[in-house]
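Asker: Below is a structure I'd like to ask you about.
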Amino acid sequence: MPFKRKDLLGLRDLAVDEIEHILDTAFSLKEINTRSIKKVPTLRGKTVIHLFYEPSTRTRTSFDIAAKRLSADTYSIAGSSSSMVKGETFLDTLKNLESMNPDIFIIRHSASGAPHRLAARTPVSVINAGDGMHEHPSQGLLDMMTILEKKGRLDGLTVLIVGDIAHSRVARSNILGLNKMGARVVACAPPTLLPADLSLMGVEVCFKVDEALPDADVIMVLRLQTERQQQMLLPSLREYSICYGINRSRLAKAREDAIVMHPGPVNRGVEISPDVADGPQSVILDQVTNGVAVRMALLYLMGQGESSRAAAQREESV
């Protein structure tokens with residue numbers, strides 16, 4: 001099955017069979033990461049450019065590792081080291097890099113919709129590595145892969161998302177993806193950290209985490225994104241931790257086989273206690289491992305280039 005899209009900008013646009021295809025590919029490629037020599041020649045001769053205008057550890061590193069394990073050439077540009085500090089626009093930066101004939105741009109930007117606007121202005125494939133408070137599609141995909149790996153299914157599971165949902169692109173991508181795949185999504189946070197349109201996205205809302213935990217198969221904990229908040233939305237971090245932090249005693253109210261997830265970075269002692277983050281129900285490091293596999297899958301599928309998309313277009317025209 002060829003991947004027919006030029007860009008991966010969000011999970012909102014993907015069909016169920018496309019998500020399944022990406023995840024199946026990720027599972028098949030994951031084995032490469034356990035070899036003594038973690039490299040295959042699949043994307044030899046392809047060029048991947050990372051454009052990261054926000055801080056990143058896991059996403060940036062795993063995309064870079066993923067590309068190199070597929071033998072692509074990679075180059076990284078940060079906002080602080082680009083000509084944007086001299087006044088060049090982001091579009092001019094993109095167009096100059098485009099003239100060097102890369103195959104894939106991976107873009108993280110603080111402005112929601114930035115990858116979409118740029119993708120419409122370049123023939124180069126664009127992968128959204130997180131844009132503002134909009135989406136983080138590869139994180140949503142790796143989270144679904146981890147749930148599938150641990151639970152064997154997505155359909156019918158109850159996924160409880162706890163934390164700063166209003167400012168979380170991770171939450172949005174997970175909500176969109178999990179709903180498409182048949183999961184029941186419950187969002188729990190103080191009212192000040194819940195977006196107004198959640199009910200329109202097919203999400204159940206609760207304000208007391210202790211009431212939502214007994215039904216949860218998956219507990220997805222989110223970081224408080226104080227850097228995106230325009231005003232103080234909580235009385236204190238201590239009060240938030242008392243009311244919403246996932247600790248050992250609170251986790252005991254969930255199903256015995258419930259798994260605990262976190263996209264990172266983790267603020268220990270705020271949204272999650274160390275004994276839960278490092279405990280037997282935590283799959284946080286599994287998420288990081290699967291992040292490499294998912295990003296390898298995306299690069300592999302999109303790096304097949306014009307021949308694959310041309311074949312798909314011919315198939316549609318028949």
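As shown in the structure tokens, the chain order sets the letters A, B, ...; within each chain, residues go from 1, and ligands are also counted from 1 in the order they appear.
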If you run DSSP on the backbone here, which positions in segment 23-258 of chain A get strand (DSSP E or B)? Please write them as a count of residues only.
Answerer: 44
Asker: Considering only C-alpha atoms, can you say which of A:Ser56, A:Asn179, A:Thr47, A:Ser112 comes closest to Gly156 of chain A?
Answerer: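 Of all the options, A:Asn179 lies closest to Gly156 of chain A.
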Asker: Would you tabulate, counting only C-alpha atoms, all residues of segment 78-170 of chain A that have an atom at most 9 Å from an atom of segment 13-26 of chain A, showing the closest pair of atoms and their distance in Å to one decimal, sorted by chain then ascending number, as a Markdown table?
Answerer:
```
| residue | atom | partner | partner_atom | distance |
| --- | --- | --- | --- | --- |
| A:Leu141 | CA | A:Leu23 | CA | 7.2 |
| A:Leu142 | CA | A:Leu23 | CA | 8.2 |
| A:Met144 | CA | A:Leu23 | CA | 8.2 |
| A:Met145 | CA | A:Leu23 | CA | 6.2 |
```
Asker: Smallest atom-to-atom distance to Leu97 of chain A: which of A:Thr57, A:Ser282, A:Ser110, A:Ser76, using only C-alpha atoms?
Answerer: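 Ranked by minimum distance to Leu97 of chain A, first place goes to A:Ser76.
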Asker: Give me, as a PyMOL selection string, all polymer residues having an atom no more than 10 Å from segment 116-128 of chain A, counting only C-alpha atoms and skipping those fewer than 5 positions away in the same chain.
Answerer: chain A and resi 5-10+48-50+90-91+94-95+98+101-109+135-138+295+298-299+302-303+305
